[in-house]
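So this one's data26.tsv, TSV, C-alpha atoms:
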chain	number	residue	atom	x	y	z
M	1	MET	CA	25.88	-19.58	34.46
M	2	LYS	CA	28.05	-16.60	35.27
M	3	THR	CA	26.54	-13.51	36.88
M	4	ARG	CA	27.75	-10.54	34.87
M	5	ALA	CA	27.83	-6.83	35.57
M	6	PRO	CA	25.08	-4.75	33.91
M	7	ARG	CA	27.55	-3.15	31.45
M	8	ASN	CA	29.26	-6.43	30.62
M	9	ARG	CA	29.30	-6.91	26.83
M	10	THR	CA	30.96	-10.34	26.69
M	11	LEU	CA	29.61	-12.25	23.71
M	12	THR	CA	27.68	-15.41	24.50
M	13	CYS	CA	25.31	-17.78	22.69
M	14	ASP	CA	22.02	-19.09	23.98
M	15	ASP	CA	20.73	-22.60	23.19
M	16	GLU	CA	18.78	-21.49	20.12
M	17	GLU	CA	21.79	-19.69	18.68
M	18	ARG	CA	24.08	-22.65	19.33
M	19	ALA	CA	21.71	-24.99	17.52
M	20	LYS	CA	21.49	-22.74	14.47
M	21	LEU	CA	25.11	-21.64	14.34
M	22	SER	CA	26.52	-25.13	14.76
M	23	SER	CA	24.67	-26.20	11.61
M	24	ASN	CA	27.02	-23.90	9.62
M	25	LEU	CA	30.15	-25.78	10.69
M	26	LEU	CA	32.19	-28.14	8.52
M	27	THR	CA	33.72	-31.51	9.35
M	28	LEU	CA	36.31	-32.80	6.90
M	29	GLU	CA	36.12	-36.47	5.94
M	30	CYS	CA	37.75	-36.45	2.51
M	31	GLN	CA	40.09	-34.34	0.41
M	32	THR	CA	38.70	-30.79	0.32
M	33	SER	CA	39.18	-27.89	-2.10
M	34	SER	CA	40.00	-24.32	-1.16
M	35	ALA	CA	36.60	-23.28	-2.56
M	36	GLU	CA	34.87	-25.58	-0.08
M	37	LEU	CA	36.88	-24.12	2.79
M	38	CYS	CA	36.51	-20.50	1.74
M	39	ASP	CA	34.90	-18.37	4.48
M	40	ARG	CA	34.05	-21.41	6.58
M	41	ILE	CA	34.83	-22.76	10.05
M	42	VAL	CA	35.83	-26.39	10.53
M	43	ASN	CA	34.76	-27.93	13.85
M	44	GLN	CA	37.38	-30.63	14.20
M	45	ASP	CA	40.72	-31.54	15.74
M	46	LEU	CA	43.43	-30.02	13.56
M	47	PHE	CA	45.52	-33.18	13.32
M	48	THR	CA	42.46	-35.09	12.10
M	49	ALA	CA	41.51	-32.42	9.56
M	50	ALA	CA	45.04	-31.68	8.32
M	51	GLY	CA	45.21	-34.65	5.96
M	52	PHE	CA	42.16	-33.40	4.07
M	53	LEU	CA	43.40	-29.84	3.49
M	54	PRO	CA	44.38	-28.77	-0.05
M	55	ALA	CA	47.93	-27.89	-0.96
M	56	GLY	CA	49.10	-24.33	-1.45
M	57	PHE	CA	45.84	-22.52	-0.64
M	58	VAL	CA	47.08	-20.30	2.21
M	59	ASP	CA	48.44	-16.80	1.60
M	60	LEU	CA	48.70	-15.94	5.30
M	61	LEU	CA	48.89	-18.41	8.17
M	62	VAL	CA	48.10	-17.07	11.64
M	63	LEU	CA	49.16	-19.76	14.07
M	64	ASP	CA	48.20	-19.39	17.73
M	65	PRO	CA	48.71	-22.88	19.18
M	66	PRO	CA	48.54	-23.77	22.86
M	67	TYR	CA	51.67	-22.52	24.58
M	68	ASN	CA	53.64	-25.01	26.65
M	69	LEU	CA	51.42	-24.37	29.65
M	70	SER	CA	48.69	-26.37	31.33
M	71	LYS	CA	45.46	-24.69	30.24
M	72	ASP	CA	41.83	-25.74	30.11
M	73	TYR	CA	40.02	-24.90	26.88
M	74	ASN	CA	36.37	-25.35	27.79
M	75	GLY	CA	36.91	-28.87	29.08
M	76	SER	CA	39.69	-29.82	26.66
M	77	PRO	CA	42.89	-29.50	28.69
M	78	PHE	CA	46.35	-28.98	27.22
M	79	GLN	CA	49.02	-30.30	29.58
M	80	VAL	CA	52.49	-28.84	29.86
M	81	LYS	CA	55.06	-31.04	28.14
M	82	THR	CA	58.78	-31.54	28.55
M	83	ASP	CA	60.82	-29.18	26.40
M	84	SER	CA	61.64	-31.94	23.93
M	85	GLY	CA	58.07	-33.19	24.01
M	86	TYR	CA	56.68	-29.77	23.11
M	87	GLN	CA	59.25	-29.33	20.35
M	88	GLU	CA	58.27	-32.67	18.84
M	89	TRP	CA	54.57	-31.73	19.07
M	90	PHE	CA	55.24	-28.38	17.40
M	91	ARG	CA	57.45	-29.98	14.73
M	92	HIS	CA	54.61	-32.34	13.83
M	93	LEU	CA	52.29	-29.33	13.64
M	94	ALA	CA	54.64	-27.50	11.25
M	95	GLN	CA	54.97	-30.62	9.10
M	96	GLN	CA	51.18	-30.81	8.77
M	97	LEU	CA	50.72	-27.14	7.89
M	98	ARG	CA	53.65	-26.38	5.58
M	99	PRO	CA	52.09	-28.10	2.51
M	100	THR	CA	49.04	-25.82	2.79
M	101	LEU	CA	51.13	-22.69	2.14
M	102	ALA	CA	51.42	-20.88	-1.17
M	103	PRO	CA	55.03	-20.19	-2.29
M	104	HIS	CA	54.69	-16.52	-1.31
M	105	ALA	CA	52.99	-17.22	2.03
M	106	THR	CA	53.67	-15.49	5.33
M	107	VAL	CA	53.44	-17.22	8.71
M	108	TYR	CA	52.91	-15.56	12.09
M	109	VAL	CA	53.30	-17.75	15.18
M	110	CYS	CA	52.17	-16.59	18.62
M	111	SER	CA	53.94	-17.68	21.80
M	112	ASP	CA	54.98	-16.65	25.28
M	113	TRP	CA	58.64	-16.13	26.15
M	114	LYS	CA	59.21	-19.68	27.42
M	115	THR	CA	57.58	-21.28	24.41
M	116	SER	CA	59.53	-18.98	22.08
M	117	ILE	CA	62.76	-20.60	23.21
M	118	LEU	CA	61.42	-23.99	22.16
M	119	ILE	CA	59.82	-23.16	18.83
M	120	ALA	CA	62.49	-20.88	17.35
M	121	PRO	CA	64.80	-23.71	16.21
M	122	VAL	CA	61.82	-25.63	14.83
M	123	LEU	CA	60.64	-22.61	12.85
M	124	GLN	CA	64.12	-22.34	11.32
M	125	GLU	CA	63.74	-25.88	9.98
M	126	PHE	CA	60.62	-25.02	7.99
M	127	PHE	CA	60.59	-21.27	7.32
M	128	GLN	CA	62.68	-18.15	7.00
M	129	ILE	CA	62.47	-16.24	10.27
M	130	ARG	CA	62.38	-12.51	9.52
M	131	ASN	CA	61.66	-10.98	12.91
M	132	ARG	CA	60.21	-11.50	16.37
M	133	ILE	CA	57.47	-9.11	17.43
M	134	THR	CA	56.98	-8.52	21.15
M	135	TRP	CA	53.70	-7.00	22.24
M	136	GLU	CA	52.61	-5.70	25.61
M	137	ARG	CA	49.78	-7.42	27.45
M	138	GLU	CA	48.81	-4.72	29.92
M	139	LYS	CA	46.85	-7.28	31.98
M	140	GLY	CA	49.92	-9.29	32.95
M	141	ARG	CA	49.76	-11.04	36.31
M	142	GLY	CA	51.94	-10.01	39.23
M	143	ALA	CA	54.69	-12.24	40.60
M	144	LYS	CA	56.36	-12.20	44.03
M	145	SER	CA	59.64	-13.88	43.04
M	146	ASN	CA	60.01	-12.80	39.41
M	147	TRP	CA	59.33	-9.92	37.05
M	148	LYS	CA	55.69	-9.65	36.03
M	149	ASN	CA	55.16	-11.32	32.67
M	150	ASN	CA	53.12	-8.93	30.53
M	151	THR	CA	54.48	-9.52	27.04
M	152	GLU	CA	54.02	-12.13	24.33
M	153	ASP	CA	55.89	-12.88	21.13
M	154	ILE	CA	54.83	-13.27	17.51
M	155	TRP	CA	57.36	-14.88	15.18
M	156	TYR	CA	57.29	-13.40	11.68
M	157	CYS	CA	58.27	-15.97	9.05
M	158	THR	CA	57.97	-16.47	5.31
M	159	LEU	CA	58.23	-19.49	3.07
M	160	SER	CA	60.55	-17.76	0.60
M	161	ASP	CA	62.05	-14.39	-0.35
M	162	SER	CA	58.88	-13.58	-2.29
M	163	TYR	CA	56.27	-12.29	0.13
M	164	VAL	CA	53.84	-9.43	0.86
M	165	PHE	CA	54.64	-6.65	3.32
M	166	ASN	CA	52.44	-3.55	3.17
M	167	VAL	CA	54.33	-1.19	5.45
M	168	ASP	CA	52.10	1.83	4.73
M	169	ALA	CA	49.04	-0.13	5.87
M	170	VAL	CA	50.33	-0.56	9.42
M	171	LYS	CA	51.87	2.77	10.32
M	172	LEU	CA	51.02	4.00	13.81
M	173	LYS	CA	49.50	7.42	14.43
M	174	ARG	CA	51.24	9.05	17.41
M	175	LYS	CA	50.66	12.36	19.13
M	176	VAL	CA	53.44	14.89	18.57
M	177	ILE	CA	54.74	16.27	21.85
M	178	ALA	CA	57.22	18.75	20.33
M	179	PRO	CA	55.72	19.95	17.02
M	180	TYR	CA	58.80	21.19	15.16
M	181	ARG	CA	58.31	23.40	12.10
M	182	ASP	CA	60.55	24.15	9.16
M	183	SER	CA	61.83	27.62	8.22
M	184	ASN	CA	58.53	28.42	6.51
M	185	GLY	CA	56.55	27.58	9.62
M	186	LYS	CA	55.10	24.38	8.15
M	187	PRO	CA	54.86	21.15	10.19
M	188	LYS	CA	58.03	19.06	9.94
M	189	ASP	CA	57.16	15.36	9.51
M	190	TRP	CA	53.80	15.72	11.26
M	191	GLN	CA	50.29	16.94	10.49
M	192	GLU	CA	47.80	19.22	12.15
M	193	ASP	CA	44.37	17.70	12.79
M	194	ASP	CA	41.27	19.20	14.35
M	195	ASP	CA	41.84	17.03	17.44
M	196	GLY	CA	45.62	17.49	17.78
M	197	ASN	CA	49.03	17.13	16.17
M	198	TYR	CA	50.04	13.68	14.93
M	199	ARG	CA	52.79	11.83	13.09
M	200	LEU	CA	52.56	8.54	11.17
M	201	THR	CA	55.47	6.36	12.28
M	202	HIS	CA	56.87	3.18	10.77
M	203	PRO	CA	55.89	0.01	12.62
M	204	SER	CA	58.53	-1.61	14.81
M	205	ASN	CA	58.74	-5.06	16.39
M	206	ILE	CA	57.71	-3.67	19.80
M	207	TRP	CA	53.96	-3.10	20.09
M	208	THR	CA	52.66	-1.11	23.06
M	209	ASP	CA	49.34	-0.02	21.56
M	210	ILE	CA	47.34	-3.24	22.03
M	211	THR	CA	44.38	-3.54	24.41
M	212	ILE	CA	43.49	-7.04	25.62
M	213	PRO	CA	39.75	-7.76	25.21
M	214	PHE	CA	37.92	-7.24	28.47
M	215	TRP	CA	34.33	-7.38	29.69
M	216	SER	CA	33.18	-3.97	28.41
M	217	MET	CA	34.39	-4.57	24.82
M	218	PRO	CA	31.93	-6.14	22.36
M	219	GLU	CA	34.66	-8.38	20.89
M	220	ASN	CA	35.25	-10.04	24.28
M	221	THR	CA	34.41	-13.71	24.87
M	222	ASP	CA	35.15	-16.15	27.67
M	223	HIS	CA	37.94	-17.81	25.68
M	224	PRO	CA	40.98	-17.95	28.01
M	225	THR	CA	43.58	-16.84	25.43
M	226	GLN	CA	41.63	-14.59	23.06
M	227	LYS	CA	43.77	-12.29	20.90
M	228	PRO	CA	42.67	-8.67	20.26
M	229	GLU	CA	41.19	-7.78	16.88
M	230	LYS	CA	43.60	-4.86	16.59
M	231	LEU	CA	46.61	-7.16	16.96
M	232	ILE	CA	45.37	-9.56	14.26
M	233	ALA	CA	44.50	-6.61	12.00
M	234	LYS	CA	48.16	-5.59	11.99
M	235	LEU	CA	49.18	-9.05	10.82
M	236	ILE	CA	46.52	-9.28	8.14
M	237	LEU	CA	47.01	-5.77	6.73
M	238	SER	CA	50.79	-6.02	6.66
M	239	SER	CA	51.09	-9.46	5.10
M	240	SER	CA	48.12	-9.99	2.82
M	241	ASN	CA	46.08	-8.17	0.19
M	242	GLU	CA	42.33	-7.94	-0.24
M	243	GLY	CA	40.97	-11.21	-1.57
M	244	ASP	CA	43.84	-13.28	-0.14
M	245	PHE	CA	43.20	-16.44	1.89
M	246	VAL	CA	43.91	-16.24	5.65
M	247	PHE	CA	44.05	-19.50	7.60
M	248	ASP	CA	43.96	-20.00	11.38
M	249	PRO	CA	44.11	-23.68	12.43
M	250	PHE	CA	43.57	-22.87	16.14
M	251	LEU	CA	40.71	-20.44	15.62
M	252	GLY	CA	39.42	-20.26	19.20
M	253	SER	CA	36.63	-17.70	19.45
M	254	GLY	CA	37.16	-16.55	15.86
M	255	THR	CA	39.23	-13.37	15.99
M	256	THR	CA	41.32	-14.12	12.89
M	257	ALA	CA	38.29	-15.01	10.79
M	258	VAL	CA	36.34	-11.98	11.99
M	259	VAL	CA	39.16	-9.54	11.25
M	260	ALA	CA	39.84	-11.15	7.86
M	261	LYS	CA	36.17	-10.64	6.97
M	262	LYS	CA	36.21	-7.03	8.15
M	263	LEU	CA	39.31	-6.37	6.02
M	264	ASN	CA	37.94	-8.06	2.88
M	265	ARG	CA	40.05	-11.21	2.98
M	266	HIS	CA	38.87	-14.80	2.66
M	267	TYR	CA	39.31	-17.00	5.69
M	268	CYS	CA	39.14	-20.50	7.08
M	269	GLY	CA	39.55	-21.56	10.67
M	270	ILE	CA	39.73	-24.89	12.46
M	271	GLU	CA	38.53	-25.23	16.05
M	272	GLN	CA	37.71	-28.43	17.93
M	273	ASP	CA	35.36	-26.92	20.52
M	274	VAL	CA	31.83	-26.39	19.22
M	275	GLU	CA	31.04	-23.62	21.72
M	276	TYR	CA	34.03	-21.59	20.55
M	277	CYS	CA	32.96	-22.21	16.94
M	278	CYS	CA	29.50	-20.83	17.69
M	279	TRP	CA	31.00	-17.70	19.24
M	280	ALA	CA	33.07	-17.29	16.09
M	281	GLU	CA	30.05	-17.74	13.83
M	282	LYS	CA	28.09	-15.18	15.83
M	283	ARG	CA	30.96	-12.70	15.68
M	284	LEU	CA	31.18	-13.20	11.91
M	285	ALA	CA	27.49	-12.40	11.55
M	286	LEU	CA	27.86	-9.32	13.75
M	287	ALA	CA	30.72	-8.13	11.52
M	288	ASP	CA	28.06	-7.47	8.86
M	289	VAL	CA	26.49	-4.99	11.29
M	290	ASP	CA	29.68	-3.44	12.66
M	291	SER	CA	32.95	-3.67	10.72
M	292	GLY	CA	34.87	-1.46	13.16
M	293	ILE	CA	38.10	-2.52	14.86
M	294	GLN	CA	38.90	-0.79	18.14
M	295	GLY	CA	42.05	1.28	17.79
M	296	TYR	CA	41.94	1.24	13.96
M	297	SER	CA	40.09	4.01	12.16
M	298	ASP	CA	40.15	5.49	8.66
M	299	GLY	CA	43.01	3.23	7.61
M	300	THR	CA	45.22	4.18	10.56
M	301	PHE	CA	46.30	2.49	13.79
M	302	TRP	CA	46.18	4.74	16.83
M	303	GLU	CA	48.10	4.59	20.09
M	304	ARG	CA	46.29	2.83	22.90
M	305	ASN	CA	43.75	4.93	24.79
M	306	THR	CA	43.93	7.89	22.41
M	307	LEU	CA	41.02	9.68	20.78
M	308	GLY	CA	41.31	7.45	17.73
M	309	ASP	CA	40.05	4.48	19.74
M	310	GLN	CA	36.66	6.17	19.82
M	311	LYS	CA	36.50	6.75	16.06
M	312	GLN	CA	34.47	3.78	14.93
M	313	LYS	CA	32.78	3.85	11.55
M	314	LYS	CA	29.52	2.58	13.02
M	315	PRO	CA	28.10	2.53	16.55
M	316	VAL	CA	28.86	-0.64	18.47
M	317	ARG	CA	25.90	-2.77	19.55
M	318	SER	CA	26.00	-4.87	22.69
M	319	SER	CA	26.30	-8.56	21.83
M	320	GLN	CA	25.31	-9.35	25.44
M	321	THR	CA	21.78	-8.04	25.02
M	322	MET	CA	21.21	-8.68	21.30
M	323	SER	CA	20.29	-12.08	19.93
M	324	LEU	CA	21.73	-12.75	16.50
M	325	PHE	CA	18.33	-13.90	15.36
M	326	ASP	CA	16.32	-10.91	16.63
M	327	GLU	CA	14.48	-9.19	13.82
If you convert what's in this file into structure tokens, what do you get?
Amino acid sequence: MKTRAPRNRTLTCDDEERAKLSSNLLTLECQTSSAELCDRIVNQDLFTAAGFLPAGFVDLLVLDPPYNLSKDYNGSPFQVKTDSGYQEWFRHLAQQLRPTLAPHATVYVCSDWKTSILIAPVLQEFFQIRNRITWEREKGRGAKSNWKNNTEDIWYCTLSDSYVFNVDAVKLKRKVIAPYRDSNGKPKDWQEDDDGNYRLTHPSNIWTDITIPFWSMPENTDHPTQKPEKLIAKLILSSSNEGDFVFDPFLGSGTTAVVAKKLNRHYCGIEQDVEYCCWAEKRLALADVDSGIQGYSDGTFWERNTLGDQKQKKPVRSSQTMSLFDE
């Protein structure tokens, strides 16, 4: 067991919680309806479960597969493949998932820069590529013989020309350095708030406002490739509406499902590791207590490390010290 710092808030599950939470998980053994999958987690290998998924039930697919890197996922290793081998693996994945999409569906696919080179031509076979988002991982590792790699990509794709994009839902609130005024002395394209001057700006495909989960954040887990809730919130708010169905077939520690629940969407996730599934189930239960998303407040995304990051609707409770089943 890891020895953690006193202020460490990394979410864990004890034996009692694992036993209770694992009883909520699904395993698919026959054709399944969207109603049966709604707001549930499937504990199963995706390629085994895929044949039992219903057609056309997904409004938004958030796909965060293993990158073409050797990585250990709690004892289930993914080994780096040849370029052609990874492309064939990813093509098979796309073939399995495409039938699950509604005609108006949006697909976001996460990757690193090396993997992006491999999956781009495969994505073009199955979807319409509309953009590539690059977001800054401020915890990038140093390198002695190369530039430090501290960015990742998200490919933005749709199934057709009919799709959802809520641009006003994902505008970024930035501080105004030079607050210009018009001839009447009124703010020009910015607003005066009690805590400063700000402007809502249109979202671009370069994101520098994301904070990677770390030990002092209550959303943090020990999953090696956990995505931030704020990042997933941008995808969900921009490309789905309340009540839509969000699907993540590599759910990991549950971020997509948790954010979908907080934003009043339905969700389903598939994850083969039972420990990760239990973390996800616990996070989903905690979302009933705290629906806040760090960096997102009152319907607005704030720049990283600005005052808005502290504006949570409810106080955050430490998941390290609280048992889900405490009364």
### Message
Show me, as a VMD selection string, the residues that have an atom within 12 Å of Lys282 (chain M) when counting all atoms listed in the file, minus same-chain residues fewer than 3 positions from it.
### Response
chain M and resid 11 to 14 17 to 22 24 to 25 41 218 to 219 221 253 to 255 257 to 258 275 to 279 285 to 289 319 to 320 322 to 325
### Query
How far is it from CA of Val246 (chain M) to CA of Lys234 (chain M), in Å with one decimal?
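Between these atoms lies a distance of 13.1 Å.
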### Task
Please indicate the distance in Å from CA of Pro99 (chain M) to CA of Ala233 (chain M), rounded to one decimal place.
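So the answer is 24.7 Å.
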### Query
In Å, with one decimal, what is the gap from CA of Tyr86 (chain M) to CA of Leu235 (chain M)?
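So the two atoms, CA of Tyr86 (chain M) and CA of Leu235 (chain M), lie 25.2 Å apart.
Considering all atoms listed in the file, the residue among M:Asn68, M:Ala5, M:Gln226, M:Leu284 positioned nearest to Ile117 (chain M) is M:Asn68.
Closest approach to Asn74 (chain M) from the set M:Ile133, M:Val164, M:Ile232, M:Val274 is made by M:Val274, with distances taken over all atoms listed in the file.
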